[in-house]
Amino acid sequence: MALQCEIAHEVRYDRKNYFYPDTPKNYQITQYTHPLGAGGCLELPSGRRVSITRLHVEEDSAKMVHQGSDSLAGSTHSLVDFNRAGIPLAEIVSEPDMRSGAEAAEYGRELQKILRYVGASDGNMAEGSMRLDINVSIRPRGEEGLRPKVEVKNVNSFKSVQQAVDFEVVRQARAYDAGEAVRQETRMWDEKELASKLMRVKEGESDYRYFPEPDVPPLALASSVVQAWRATLQELPAAKRARYQDPAGLNLDAETTKFLTDDLAVARFFEAAVEQHGAEPKEAAKWLVGDIAGHLNGNKGRVKEFGKIKLTPAGLAELVGLIGQGKITGKIAKELLPELLDEWEGGEEGAVLDLVQARGLEAITDPAVIAALVQKVLEANPEKVEDFRGGKTKLLGFFVGMVLKESGSRANPEVVQSLTVEALNGA
Amino acid sequence: MSFLLTSRRKPLLLLVLAVLAKAKAFQSGSVGKYHSKKHLSTRVFSSTTIHDMVERIQQGQISVAEVTKQTLLQIEAEDRAIGAFLTLSGDQAMSEARALDEKLAGREPGTSTMPLLGLPMAIKDNICTAGIPTTAGSKVLQGYVPSYDATAVARLRAAGAVLVGKTNLDEFGMGSTTESSGYHVTRNPRDLSRSPGGSSGGSAAAVASGMVLAALGTDTGGSIRQPASWTGTVGLKPTYGRVSRHGLLAYGSSTDVIGPLTGTVMDSARLLSALAGADPLHDATTSLAPAAEDYVSAVKEAETRGERPLAGTRIGLIRETLQTRVEDGVSTVVQDAVARLEGLGAEIMEVSIPYLDAHCASYYVNVLSEASANLARYDGVRYGLRPRDAGSAKTVMLGSRGEGFGEEVKQRILLGTFSLSAGYADAYYLKSQQLRSVLSEAFKSAFETADVLISPTAPTVAYPLGKAAGSKVDMYADDLFTVPASLAGLPAISLPVGKAPSSSASSDFLPVGLQIIGQRFAEASILQVARILELTSTD
């Protein structure tokens, strides 16, 4: 449903027969004649639409680990890990709608995002919970029909997808240019050499002797059931992106939108802060994209995963609100952030303000207080005051900075700016 | 490509050796430890029923250990002539029996009310039994010891039954005489020169000889009913999906069913009550079944009906079964039974299930297609026979299958593979599926006029040993009365209704079974009719 597929009215399985050590029964339960979903599509952030041919469910095979060599070719023997054998997986087949390695990688990322949004899979490629094979076929511009395709296996990251597709495009183009034919074959991607290597040439169709799987009876899916499921479907990444960028709505830029929607947990946090706790959207987004992400990626903070931060959506909304109301300065907010992320135990409405007050970190806006600070800074730097008055107006920044520092970052920067200018130009 | 596969070879090998040693010790007679001369000539069960036996145990007249010991002794004394058993699980049975006795002595709640308390049972060797070798009568599984009980077996144990051994069968159930077993021949206790039928021939012979009161069989196209008919026992094939197939070594997955072989209809009901029920985690086809009924109460109710206990019951005699292949003697016995049913008040009518020959052929296409996939797992990679000096994965597979499977099994795998192959599947497999739909329609219209259907179970009495080898096509064709209920997934029971001469010139008489077919999940109805008919039997 998340892939806009038409859902089968009856779930049926078939048996696919073949002998191979990775399949303990020497047949695989799969969906040959009646895929669970068909005729779907997926829209990439770039706007490209990729059609989904079918989504079918089948048993996973055992994992073969080839020994004595990096790949099957040249290995002396193989080990078989049966732990994942028989676990159900969904195979999603796309139409040849992608035009470059970059688009193929973008498709992979978007598909991963959708699977994560709906909770179908954690999409972890390193652990094999999402795996992909690519098929590459090129043709001269304007030619109808598709030329033989080459399947590339062992593509274990989106980066490899891009590299492998681009490599194949060039390899095949060179072959055609040299007057050679491109065979239908299966190749292995070699991550170290950044090249695809021949694995096997397709020798006609295997006869898998499919027949209806007798051990799994057909399961009717009433349309009311499918409708009920559809009603519970998450807002999907493409729709979320459109909503975030809508000029009449949140009106966020593309980069911010991408950051927020890439991870459903971040998007949910953002939406809670804005919708439930009234945070100004752009400011809340700025904190998430900037300082909060920086904290998680940096070396100083303790918390490294977004899911484990102590700050709550309400806390972020309050923080953004306090800055907006001039109750704390941005600088102070940045200083408080590591604590709010790593160890804060607040969470109730007003908890951030309580913390600010307990630490005595409220913003200073009283002109008299600030004027006194300005005076103190000017008195401490008589030579620089002379220089300024002699024409070195660039020194204004120095004075403003000194005053802010003197205030412990608490002084309202705008008031400081105007009072400093006034003091330097006056007297 | 070469694969060195990671089975933990050494422990497995040791386990195999240990099991082989045990089996050998049994065959050479060192099970004499169960001997106790006092009981040697006593046939404790031949004239009793499950109910009587369980009652005697409950009342403390005999211990479970004593029953088990006597059973083992009796098997030891009698099975040399019959060959019903492939494996005896004497030690395990005795320790289970003692454990039950201890629970009884300790008045452990739920023990004394176990419906099969202390019942010694034989299990067909294509049903998994934890810790007891399970070979399906095939050399390819020699030495295989399952780590788990089939659901059916677990339910029997939970009901108090004690497993005494595993019975012989045609290899993987592929045959109708038990002669395709990879191990030895089983003889019919009613006439030792004859086959007990098959493929549940060992179970039928074990019950017919009185060595046990009850055994589990499996029925894919008649493998419970036909041996019941040939040995004069009661064999019930429940509705497809009524009893979990989890732990049954699959032959034809769309018709395989586990069911009981017993001496009486009531005992059949007692076992079905223990076996029936959904097993949603292990067998999806059982989750389509309605809840199991109390079959014992249903049979008791039938026993208490008045003078015309079948009044109002419409019984449809399948016309074609008295016209096709059936021997005169069998036909006569069945017609007598029909007359008795009429005398009991039943309304008898003729119904038609046409194209029996075609359905029998279609059954073989269907079951062998499924078998070709189901038997693919016996490749020597994970368990079972593996050739010495196996080189690559391919040679392991070829060697294991080449050495392990018997001729009949190889022939059936080839036939099934052929039926599913590209270019032939339309003419064979798909055609058989179409015929299956036609058959379901025929049953549907038959059940519009009749409550249950009847026919001879098999067209002949027990074959002499060796006959099947010479006329394999006849053996296949003789399944024509039992395969329709299998293909349609219907419950069917075979009960002895008389005896027919073994040949037109002979004065030897052999048992004849009547098959009663019910609607899906209507086991209670066929058990009731069978019980009422059984009450009027003179044999």
# chains A, B, ... in the order shown; residues from 1 in each chain; ligands from 1
>>> select_by_dssp(residues="region 214-407 of chain B", states="alpha helix (DSSP H)", output="ChimeraX atom specification")
/B:225-231,265-275,295-303,328-343,356-374,393-404,407
>>> select_by_dssp(residues="region 204-289 of chain B", states="strand (DSSP E or B)", output="PyMOL selection string")
chain B and resi 214-219+234-237+248+257-262
>>> write_last_selection(atoms="C-alpha atoms", output="compact mmCIF listing (two decimals), in the first residue's frame")
# COMPACT_ATOMS: atom_id res chain seq x y z
CA ALA B 214 -4.22 -48.89 18.62
CA ALA B 215 -1.74 -47.50 16.16
CA LEU B 216 -1.27 -44.33 14.16
CA GLY B 217 -1.30 -44.56 10.41
CA THR B 218 -1.19 -42.01 7.66
CA ASP B 219 -3.42 -41.84 4.63
CA VAL B 234 -10.98 -50.14 11.78
CA GLY B 235 -9.11 -47.37 9.97
CA LEU B 236 -10.14 -43.73 10.07
CA LYS B 237 -8.88 -41.09 7.68
CA LEU B 248 4.59 -36.12 9.46
CA VAL B 257 -3.66 -37.09 6.90
CA ILE B 258 -2.75 -38.83 10.16
CA GLY B 259 -5.37 -41.13 11.65
CA PRO B 260 -5.94 -44.14 13.90
CA LEU B 261 -6.04 -47.87 13.24
CA THR B 262 -7.92 -49.72 15.97
>>> residues_around(residues="Leu156 (chain B)", least_positions_apart="6", cutoff="10 Å", atoms="only C-alpha atoms", output="number ranges by chain")
B: 114-117, 119, 121, 150, 162-163, 216, 271-275
>>> closest_residue(among="A:Asp190, A:Glu103, A:Glu143, A:Glu339", to="Phe167 (chain A)", atoms="only C-alpha atoms")
A:Asp190
>>> closest_residue(among="B:Leu368, B:Ala469, B:Ala77, B:Ala373", to="Tyr210 (chain A)", atoms="only C-alpha atoms")
B:Ala373
>>> closest_residue(among="A:Ala272, A:Ala85, A:Ala248, A:Val165", to="Asn26 (chain A)", atoms="only C-alpha atoms")
A:Ala85
>>> residues_around(residues="region 354-368 of chain A", least_positions_apart="5", cutoff="7 Å", atoms="only C-alpha atoms", output="JSON, numbers by chain")
{"A": [326, 327, 328, 329, 410, 411, 412, 415]}
>>> interface_residues(of="chain A", to="chain B", cutoff="9 Å", atoms="only C-alpha atoms", output="PyMOL selection string")
chain A and resi 15-21+23-27+66+72-81+207-211+213-217
>>> residues_around(residues="Thr30 (chain A)", least_positions_apart="3", cutoff="7 Å", atoms="only C-alpha atoms", output="list in words")
Tyr13, Asp14, Arg15, Lys16, Val57, Glu58 and Glu59 of chain A
>>> write_last_selection(atoms="N, CA and C atoms", output="PDB file, in the first residue's frame")
ATOM      1  N   TYR A  13       0.502 -18.842  -2.396  1.00  0.00           N
ATOM      2  CA  TYR A  13       1.930 -19.143  -2.513  1.00  0.00           C
ATOM      3  C   TYR A  13       2.159 -20.304  -3.477  1.00  0.00           C
ATOM      4  N   ASP A  14       3.341 -20.319  -4.035  1.00  0.00           N
ATOM      5  CA  ASP A  14       3.736 -21.387  -4.950  1.00  0.00           C
ATOM      6  C   ASP A  14       5.026 -22.019  -4.443  1.00  0.00           C
ATOM      7  N   ARG A  15       5.292 -23.206  -4.960  1.00  0.00           N
ATOM      8  CA  ARG A  15       6.566 -23.862  -4.675  1.00  0.00           C
ATOM      9  C   ARG A  15       7.471 -23.732  -5.881  1.00  0.00           C
ATOM     10  N   LYS A  16       8.683 -23.323  -5.610  1.00  0.00           N
ATOM     11  CA  LYS A  16       9.698 -23.204  -6.661  1.00  0.00           C
ATOM     12  C   LYS A  16      10.761 -24.262  -6.361  1.00  0.00           C
ATOM     13  N   VAL A  57       6.080 -12.116  -1.609  1.00  0.00           N
ATOM     14  CA  VAL A  57       6.638 -12.621  -0.353  1.00  0.00           C
ATOM     15  C   VAL A  57       7.221 -13.998  -0.622  1.00  0.00           C
ATOM     16  N   GLU A  58       8.379 -14.261  -0.079  1.00  0.00           N
ATOM     17  CA  GLU A  58       8.975 -15.591  -0.234  1.00  0.00           C
ATOM     18  C   GLU A  58       9.878 -15.903   0.946  1.00  0.00           C
ATOM     19  N   GLU A  59      10.342 -17.149   1.003  1.00  0.00           N
ATOM     20  CA  GLU A  59      11.244 -17.565   2.078  1.00  0.00           C
ATOM     21  C   GLU A  59      12.652 -17.098   1.761  1.00  0.00           C
TER      22      GLU A  59
END
